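S.K.: Sharing entry_28.cif, mmCIF, C-alpha atoms (C1' of nucleotides):
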```
data_query
#
loop_
_atom_site.label_atom_id
_atom_site.label_comp_id
_atom_site.auth_asym_id
_atom_site.auth_seq_id
_atom_site.Cartn_x
_atom_site.Cartn_y
_atom_site.Cartn_z
CA MET T 20 12.81 -29.22 44.61
CA ARG T 21 9.76 -29.36 46.82
CA ILE T 22 6.34 -27.88 46.33
CA GLY T 23 7.12 -24.61 48.05
CA GLU T 24 9.93 -23.74 45.71
CA LEU T 25 8.00 -24.79 42.64
CA SER T 26 5.14 -22.66 43.86
CA GLU T 27 7.35 -19.63 44.21
CA ARG T 28 9.17 -20.09 40.95
CA THR T 29 6.01 -20.52 38.94
CA GLY T 30 3.85 -18.08 40.84
CA THR T 31 1.34 -20.85 41.38
CA PRO T 32 -0.37 -21.61 44.68
CA ARG T 33 0.67 -24.90 46.27
CA ARG T 34 -2.93 -25.88 46.30
CA LEU T 35 -3.13 -25.51 42.56
CA LEU T 36 -0.02 -27.58 41.98
CA ARG T 37 -1.57 -30.43 43.90
CA TYR T 38 -4.72 -29.90 41.90
CA TYR T 39 -2.80 -30.17 38.63
CA GLU T 40 -1.23 -33.38 39.86
CA GLU T 41 -4.65 -34.68 40.77
CA GLN T 42 -5.78 -33.85 37.23
CA GLY T 43 -2.84 -35.75 35.83
CA LEU T 44 -1.15 -32.71 34.34
CA ILE T 45 2.08 -33.09 36.28
CA VAL T 46 3.69 -35.95 38.07
CA ALA T 47 5.78 -35.60 41.17
CA GLY T 48 8.30 -37.99 42.62
CA ARG T 49 8.26 -38.66 46.32
CA SER T 50 10.96 -38.35 48.92
CA PRO T 51 11.21 -41.16 51.45
CA ASN T 52 9.29 -38.94 53.84
CA GLY T 53 6.41 -38.52 51.42
CA TYR T 54 7.20 -35.01 50.25
CA ARG T 55 6.63 -34.25 46.59
CA GLU T 56 9.85 -33.95 44.68
CA TYR T 57 9.98 -31.97 41.46
CA ASP T 58 12.76 -31.69 38.95
CA GLU T 59 13.82 -28.58 37.11
CA HIS T 60 11.76 -29.50 34.12
CA CYS T 61 8.57 -29.00 36.08
CA VAL T 62 8.96 -25.26 36.17
CA ASP T 63 8.59 -24.96 32.42
CA ARG T 64 5.90 -27.56 32.42
CA VAL T 65 3.77 -25.69 34.91
CA MET T 66 4.18 -22.46 32.98
CA GLN T 67 3.20 -24.28 29.82
CA ILE T 68 0.12 -25.69 31.49
CA ARG T 69 -0.94 -22.32 32.78
CA GLY T 70 -0.43 -20.80 29.38
CA LEU T 71 -2.51 -23.42 27.66
CA LEU T 72 -5.28 -23.24 30.23
CA ASP T 73 -5.31 -19.50 29.86
CA ALA T 74 -5.56 -19.96 26.11
CA GLY T 75 -8.73 -21.95 26.52
CA LEU T 76 -7.58 -25.55 26.39
CA PRO T 77 -9.25 -27.86 28.86
CA THR T 78 -7.13 -30.02 31.14
CA ARG T 79 -8.38 -33.12 29.37
CA ILE T 80 -6.74 -32.01 26.15
CA ILE T 81 -3.62 -30.64 27.77
CA LYS T 82 -3.12 -33.97 29.46
CA GLN T 83 -3.21 -35.64 26.09
CA ILE T 84 -0.91 -33.36 24.18
CA LEU T 85 1.71 -32.60 26.80
CA PRO T 86 3.37 -36.03 26.78
CA CYS T 87 3.94 -35.68 23.04
CA LEU T 88 5.77 -32.43 23.51
CA ASP T 89 8.45 -33.43 25.97
CA LYS T 90 11.92 -32.52 24.86
CA PRO T 91 13.43 -35.97 25.20
CA ARG T 92 10.69 -38.01 23.58
CA THR T 93 8.99 -39.57 26.59
CA ILE T 94 6.21 -41.06 24.56
CA TYR T 95 7.14 -42.97 21.50
CA PHE T 96 5.37 -43.63 18.29
CA PRO T 97 4.04 -47.10 19.05
CA ASP T 98 1.73 -45.39 21.55
CA ALA T 99 0.33 -43.25 18.80
CA THR T 100 -3.03 -44.80 18.14
CA PRO T 101 -4.97 -43.60 15.12
CA GLU T 102 -7.51 -41.89 17.31
CA MET T 103 -4.75 -40.14 19.21
CA ILE T 104 -3.39 -38.86 15.92
CA ALA T 105 -6.82 -37.65 14.98
CA THR T 106 -7.19 -35.85 18.28
CA LEU T 107 -3.85 -34.16 17.84
CA GLU T 108 -4.67 -33.05 14.33
CA HIS T 109 -7.98 -31.71 15.47
CA GLU T 110 -6.48 -29.81 18.36
CA ARG T 111 -3.74 -28.45 16.18
CA ASP T 112 -6.39 -27.05 13.87
CA ARG T 113 -8.35 -25.59 16.72
CA MET T 114 -5.22 -23.93 17.99
CA THR T 115 -4.63 -22.46 14.57
CA ASP T 116 -8.16 -21.07 14.66
CA ARG T 117 -7.53 -19.56 18.04
CA ILE T 118 -4.31 -18.00 16.86
CA ARG T 119 -6.08 -16.48 13.89
CA CYS T 120 -8.86 -15.11 16.03
CA LEU T 121 -6.51 -13.69 18.63
CA THR T 122 -4.22 -12.18 16.06
CA ARG T 123 -7.05 -10.51 14.22
CA ASN T 124 -8.53 -9.03 17.34
CA ARG T 125 -5.23 -8.04 18.84
CA ASP T 126 -4.31 -6.21 15.67
CA ALA T 127 -7.66 -4.47 15.76
CA ILE T 128 -6.98 -3.39 19.32
CA SER T 129 -3.57 -2.16 18.32
CA ALA T 130 -5.07 -0.17 15.49
CA TYR T 131 -7.66 1.35 17.78
CA LEU T 132 -5.06 2.16 20.37
CA GLU T 133 -2.87 3.76 17.79
CA ALA T 134 -5.75 5.83 16.50
CA VAL T 135 -6.68 6.96 19.99
CA LEU T 136 -3.13 7.79 20.98
CA ASP T 137 -2.59 9.57 17.74
CA ASP T 138 -5.80 11.47 18.23
CA SER T 139 -5.07 12.51 21.80
CA CYS T 140 -1.77 13.98 20.70
CA ARG T 141 -3.39 15.94 17.95
CA ASP T 142 -6.11 17.75 19.85
CA THR T 143 -4.95 18.42 23.37
CA ASN T 144 -7.02 21.59 23.43
CA VAL T 145 -10.29 19.75 23.90
CA ASP T 146 -11.65 20.05 27.43
CA THR T 147 -12.05 16.29 27.77
CA HIS T 148 -9.15 16.21 30.19
CA GLY T 149 -7.56 19.60 30.09
CA ASP T 150 -4.26 18.63 31.74
CA THR T 151 -1.15 17.58 29.87
CA ALA T 152 -1.60 20.50 27.53
CA ASP T 153 2.03 20.03 26.67
CA PRO T 154 2.52 19.56 22.97
CA SER T 155 6.20 20.35 23.55
CA PRO T 156 6.36 22.79 20.63
CA SER T 157 9.30 24.70 19.15
CA MET M 9 -33.67 -11.86 11.58
CA ARG M 10 -34.99 -13.65 14.62
CA ILE M 11 -33.17 -15.83 17.08
CA GLY M 12 -33.79 -19.07 15.23
CA GLU M 13 -32.06 -17.91 12.09
CA LEU M 14 -29.18 -16.40 13.97
CA SER M 15 -28.85 -19.64 15.86
CA GLU M 16 -28.67 -21.65 12.67
CA ARG M 17 -26.31 -19.32 10.90
CA THR M 18 -23.88 -19.19 13.77
CA GLY M 19 -24.27 -22.74 14.96
CA THR M 20 -25.09 -21.40 18.38
CA PRO M 21 -27.94 -22.64 20.55
CA ARG M 22 -30.74 -20.13 21.00
CA ARG M 23 -30.29 -20.43 24.69
CA LEU M 24 -26.70 -19.33 24.41
CA LEU M 25 -27.59 -16.31 22.31
CA ARG M 26 -29.94 -15.16 25.04
CA TYR M 27 -27.19 -15.77 27.52
CA TYR M 28 -24.78 -13.60 25.53
CA GLU M 29 -27.37 -10.87 25.47
CA GLU M 30 -27.82 -11.19 29.19
CA GLN M 31 -24.05 -10.80 29.55
CA GLY M 32 -24.13 -7.68 27.46
CA LEU M 33 -22.15 -9.14 24.60
CA ILE M 34 -24.82 -8.59 21.99
CA VAL M 35 -27.84 -6.38 21.84
CA ALA M 36 -31.07 -7.30 20.16
CA GLY M 37 -33.89 -5.11 19.07
CA ARG M 38 -37.43 -6.16 19.78
CA SER M 39 -40.37 -6.61 17.49
CA PRO M 40 -43.71 -5.30 18.74
CA ASN M 41 -44.55 -8.82 19.82
CA GLY M 42 -41.48 -9.09 21.99
CA TYR M 43 -39.39 -11.25 19.70
CA ARG M 44 -35.70 -10.46 19.47
CA GLU M 45 -34.67 -8.88 16.21
CA TYR M 46 -31.09 -9.14 14.97
CA ASP M 47 -29.38 -7.47 12.08
CA GLU M 48 -26.90 -9.01 9.68
CA HIS M 49 -23.96 -7.68 11.62
CA CYS M 50 -24.79 -9.96 14.54
CA VAL M 51 -23.69 -13.06 12.70
CA ASP M 52 -20.07 -11.94 12.58
CA ARG M 53 -20.31 -10.58 16.06
CA VAL M 54 -21.46 -13.88 17.50
CA MET M 55 -18.70 -15.74 15.71
CA GLN M 56 -16.18 -13.27 17.03
CA ILE M 57 -17.49 -13.68 20.55
CA ARG M 58 -17.33 -17.44 20.35
CA GLY M 59 -13.81 -17.29 19.03
CA LEU M 60 -12.63 -15.02 21.77
CA LEU M 61 -14.35 -17.04 24.47
CA ASP M 62 -12.79 -20.15 23.08
CA ALA M 63 -9.43 -18.43 23.17
CA GLY M 64 -9.77 -17.85 26.87
CA LEU M 65 -11.05 -14.30 27.11
CA PRO M 66 -13.72 -13.76 29.73
CA THR M 67 -16.99 -12.09 28.78
CA ARG M 68 -16.11 -9.12 30.95
CA ILE M 69 -13.13 -8.31 28.76
CA ILE M 70 -14.85 -9.14 25.51
CA LYS M 71 -17.59 -6.75 26.45
CA GLN M 72 -15.00 -4.04 26.89
CA ILE M 73 -13.01 -4.56 23.75
CA LEU M 74 -15.75 -5.39 21.26
CA PRO M 75 -17.17 -1.87 21.05
CA CYS M 76 -13.75 -0.59 20.08
CA LEU M 77 -13.54 -2.99 17.20
CA ASP M 78 -16.73 -2.26 15.35
CA LYS M 79 -16.23 -1.53 11.72
CA PRO M 80 -17.95 1.80 11.63
CA ARG M 81 -16.49 3.32 14.76
CA THR M 82 -19.35 3.03 17.21
CA ILE M 83 -17.32 4.19 20.14
CA TYR M 84 -15.31 7.30 19.71
CA PHE M 85 -12.15 8.53 21.29
CA PRO M 86 -13.71 10.84 23.85
CA ASP M 87 -14.97 7.71 25.59
CA ALA M 88 -11.45 6.41 25.86
CA THR M 89 -10.65 6.94 29.51
CA PRO M 90 -7.06 6.41 30.59
CA GLU M 91 -7.99 3.28 32.47
CA MET M 92 -9.76 1.94 29.42
CA ILE M 93 -6.60 2.52 27.43
CA ALA M 94 -4.61 0.71 30.08
CA THR M 95 -7.00 -2.22 30.02
CA LEU M 96 -6.76 -2.46 26.26
CA GLU M 97 -2.99 -2.35 26.31
CA HIS M 98 -2.91 -5.00 28.98
CA GLU M 99 -5.28 -7.27 27.13
CA ARG M 100 -3.41 -6.77 23.90
CA ASP M 101 -0.27 -7.96 25.64
CA ARG M 102 -2.03 -10.94 27.14
CA MET M 103 -3.33 -11.85 23.75
CA THR M 104 0.17 -11.68 22.39
CA ASP M 105 1.27 -14.04 25.14
CA ARG M 106 -1.51 -16.42 24.28
CA ILE M 107 -0.60 -16.32 20.63
CA ARG M 108 3.00 -17.10 21.47
CA CYS M 109 2.02 -19.99 23.70
CA LEU M 110 -0.42 -21.44 21.22
CA THR M 111 1.97 -21.08 18.33
CA ARG M 112 4.78 -22.76 20.17
CA ASN M 113 2.66 -25.69 21.21
CA ARG M 114 0.92 -26.04 17.93
CA ASP M 115 4.23 -26.17 16.13
CA ALA M 116 5.40 -28.80 18.57
CA ILE M 117 2.33 -30.85 17.85
CA SER M 118 2.92 -30.45 14.14
CA ALA M 119 6.50 -31.61 14.57
CA TYR M 120 5.41 -34.62 16.57
CA LEU M 121 2.73 -35.46 14.07
CA GLU M 122 5.18 -35.18 11.25
CA ALA M 123 7.62 -37.43 13.05
CA VAL M 124 4.98 -40.04 13.75
CA LEU M 125 3.61 -40.01 10.24
CA ASP M 126 7.09 -40.16 8.82
CA ASP M 127 7.93 -43.01 11.16
CA SER M 128 4.87 -45.09 10.40
CA CYS M 129 5.76 -44.95 6.73
CA ARG M 130 9.34 -45.98 7.32
CA ASP M 131 9.06 -49.09 9.51
CA THR M 132 5.99 -51.00 8.52
CA ASN M 133 7.77 -54.29 9.24
CA VAL M 134 7.52 -53.94 13.02
CA ASP M 135 4.90 -56.25 14.51
CA THR M 136 3.07 -53.36 16.14
CA HIS M 137 0.44 -53.61 13.47
CA GLY M 138 1.76 -56.12 11.03
CA ASP M 139 -0.48 -55.22 8.13
CA THR M 140 0.54 -52.98 5.29
CA ALA M 141 3.92 -54.73 5.20
CA ASP M 142 4.60 -52.95 1.99
CA PRO M 143 7.94 -51.21 2.01
CA SER M 144 7.68 -51.03 -1.77
CA PRO M 145 11.39 -51.79 -2.29
CA SER M 146 13.37 -51.95 -5.51
"C1'" DT I 17 -56.86 -25.18 16.15
"C1'" DC I 18 -52.40 -27.14 15.97
"C1'" DG I 19 -47.54 -26.80 15.99
"C1'" DA I 20 -43.42 -24.28 15.59
"C1'" DA I 21 -40.96 -20.52 17.30
"C1'" DC I 22 -40.65 -17.28 20.71
"C1'" DC I 23 -40.79 -15.51 25.54
"C1'" DT I 24 -39.12 -15.63 30.80
"C1'" DT I 25 -37.38 -17.92 34.79
"C1'" DC I 26 -35.47 -21.25 37.85
"C1'" DA I 27 -32.34 -24.65 38.45
"C1'" DC I 28 -28.58 -27.39 37.27
"C1'" DA I 29 -23.91 -29.11 35.21
"C1'" DT I 30 -19.11 -28.61 34.37
"C1'" DT I 31 -14.67 -26.61 34.78
"C1'" DG I 32 -10.90 -24.30 36.98
"C1'" DG I 33 -9.64 -22.77 41.19
"C1'" DT I 34 -9.77 -21.81 46.62
"C1'" DG I 35 -10.27 -22.08 51.62
"C1'" DA I 36 -10.33 -24.32 55.80
"C1'" DG I 37 -9.97 -27.90 59.12
"C1'" DA I 38 -8.39 -32.17 61.12
"C1'" DG I 39 -4.64 -34.98 62.08
"C1'" DG I 40 -0.06 -36.15 61.42
"C1'" DC I 41 5.08 -36.26 59.83
"C1'" DT I 42 9.86 -34.04 59.18
"C1'" DC I 43 13.42 -31.09 59.87
"C1'" DA I 44 16.29 -27.41 61.57
"C1'" DA I 45 17.14 -23.90 64.93
"C1'" DG I 46 17.11 -22.37 69.51
"C1'" DC C 16 13.76 -31.35 73.65
"C1'" DT C 17 10.66 -28.26 72.13
"C1'" DT C 18 8.92 -25.18 68.86
"C1'" DG C 19 7.62 -23.75 64.50
"C1'" DA C 20 7.71 -23.94 59.63
"C1'" DG C 21 6.87 -26.69 55.95
"C1'" DC C 22 5.12 -30.70 54.23
"C1'" DC C 23 1.74 -34.66 53.99
"C1'" DT C 24 -3.25 -36.68 53.43
"C1'" DC C 25 -8.15 -36.28 53.11
"C1'" DT C 26 -12.46 -34.11 53.09
"C1'" DC C 27 -16.04 -30.95 52.51
"C1'" DA C 28 -17.45 -26.95 50.93
"C1'" DC C 29 -17.41 -23.07 48.13
"C1'" DC C 30 -16.67 -19.68 44.19
"C1'" DA C 31 -17.23 -17.69 39.39
"C1'" DA C 32 -17.77 -18.57 34.67
"C1'" DT C 33 -19.72 -20.79 30.77
"C1'" DG C 34 -23.26 -23.23 29.25
"C1'" DT C 35 -27.92 -26.26 29.39
"C1'" DG C 36 -32.59 -28.17 30.39
"C1'" DA C 37 -37.10 -27.76 31.21
"C1'" DA C 38 -41.39 -25.82 32.74
"C1'" DG C 39 -45.10 -22.75 31.71
"C1'" DG C 40 -46.85 -19.18 28.90
"C1'" DT C 41 -47.45 -16.15 24.43
"C1'" DT C 42 -47.47 -15.33 19.33
"C1'" DC C 43 -47.48 -16.55 14.63
"C1'" DG C 44 -48.69 -18.91 10.46
"C1'" DA C 45 -50.81 -22.65 8.16
#
```
Take the structure in the file and write it out as structure tokens.
M.R.:
Amino acid sequence: MRIGELSERTGTPRRLLRYYEEQGLIVAGRSPNGYREYDEHCVDRVMQIRGLLDAGLPTRIIKQILPCLDKPRTIYFPDATPEMIATLEHERDRMTDRIRCLTRNRDAISAYLEAVLDDSCRDTNVDTHGDTADPSPS
Amino acid sequence: MRIGELSERTGTPRRLLRYYEEQGLIVAGRSPNGYREYDEHCVDRVMQIRGLLDAGLPTRIIKQILPCLDKPRTIYFPDATPEMIATLEHERDRMTDRIRCLTRNRDAISAYLEAVLDDSCRDTNVDTHGDTADPSPS
DNA sequence: TCGAACCTTCACATTGGTGAGAGGCTCAAG
DNA sequence: CTTGAGCCTCTCACCAATGTGAAGGTTCGA
């Protein structure tokens, strides 16, 4: 597929796709006419990239870890230098930290939300926002 | 405590603490001489802020959700406008997405790491790095 | 009085992401 | 064949957000 389709299917501006390529996050083949040519796999890849960026990982790191995560092992073990291993372990740990932090805070939000919702059902007679006085009784 | 101690205890540059205050993420009292005065609670708060920032949340959102998460309920339900509720629900969902994304990728990294480690134990006879030719057989 | 810690403020760096323009190629439909 | 949509390159500039550096001045404690 070409850039337009990839853009639509991933909800990502064309401009940004070229930017990701420039940053080395994705690679695109080329048609004889010079058009970028993407395979199906790229759709997932772009979504993955966006997700990771959104989760706070810098492109530099994403670029390093993505090749290790391809379904058919693109990068093999000989390429795994000790420092690469170290980087991966470090990033894995940082991701675990992030997950912990997010989970804790999300659960706290959920708890708050539940408390508020629960509360607003209980006292609908307060004048805070007098509408919806509909406890649906009996 | 003053900014220096908070800085040390949170591993955060003084400059950055002032920045967070400027962004409305933390509030500091003032001594008569103008020095910022922090209470114990700030240590956790700063760590929480750093964690959330690192996990991709913008200060704008953090500023909104933090007050809802204080241990002794600082913000009460009357303040919970419908749009605030909506924001919280939305952010909670985004956080869930992030958690999913991070978990998936972290597990993939773990799997890769495991495979590599496992592999480097198994074939130490390859000339890739010919040392440790110690298959410890029979 | 000296130095460490604090203050404010201005400016800068980096990162992720956009916008626009120039200049040109390709392809399909009218 | 022409027209227009979509693509190409390249460039320059810009944005917001997070985070730093440094200058110049005050306060505190030894």
S.K.: Can you pull out the residues contacting Ala105 (chain T)? Cut-off 12 Å, using all atoms listed in the file, and skip same-chain residues under 4 positions away; I want them as a PyMOL selection string.
M.R.: (chain T and resi 83-84+99-101+109-112) or (chain M and resi 117+121+125)
S.K.: Do a neighbour search on DC28 (chain I) at 12 Å with all atoms listed in the file, toss out local chain neighbours closer than 4 positions, and write the hits as a list in words.
M.R.: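 Listed by chain and then number, they are DG34, DT35, DG36 and DA37 of chain C.
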S.K.: What lies within 12 Å of DC30 (chain C) using only C-alpha atoms (C1' of nucleotides), ignoring chain neighbours under 3 positions off, as JSON, numbers by chain?
M.R.: {"I": [31, 32, 33, 34, 35]}
S.K.: Mind telling me what the PyMOL selection byres ((chain C and resi 27) around 10) catches here, as number ranges by chain?
M.R.: I: 36-37; C: 25-26, 28-29
S.K.: Okay, now the selection with C-alpha atoms (C1' of nucleotides), as a CSV table (one decimal), keeping the file's coordinate frame?
M.R.:
```
chain,number,residue,atom,x,y,z
I,36,DA,C1',-10.3,-24.3,55.8
I,37,DG,C1',-10.0,-27.9,59.1
C,25,DC,C1',-8.2,-36.3,53.1
C,26,DT,C1',-12.5,-34.1,53.1
C,28,DA,C1',-17.4,-27.0,50.9
C,29,DC,C1',-17.4,-23.1,48.1
```
S.K.: Once you count only C-alpha atoms (C1' of nucleotides), which residues of chain C turn out to be within 9 Å of chain T? Could you give them as a list in words?
M.R.: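 Residues satisfying the distance criterion: DG21, DC22 and DC23 of chain C.
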S.K.: Name the residues that the PyMOL selection byres ((chain T) within 10 of (chain I)) pulls out of this structure, and write them as a list in words.
M.R.: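 For this structure, the PyMOL selection byres ((chain T) within 10 of (chain I)) resolves to Pro32, Arg34, Leu35, Tyr38, Asn52, Gly53, Tyr54, Leu72, Pro77 and Thr78 of chain T.
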S.K.: Considering only C-alpha atoms, extract the chain T residues located within 9 Å of chain M and return them as a PyMOL selection string.
M.R.: chain T and resi 67+70-76+84-85+87-88+95-97+99+104+107-108+110-112+114-122+124-129+131-132+134-135+138-139+147
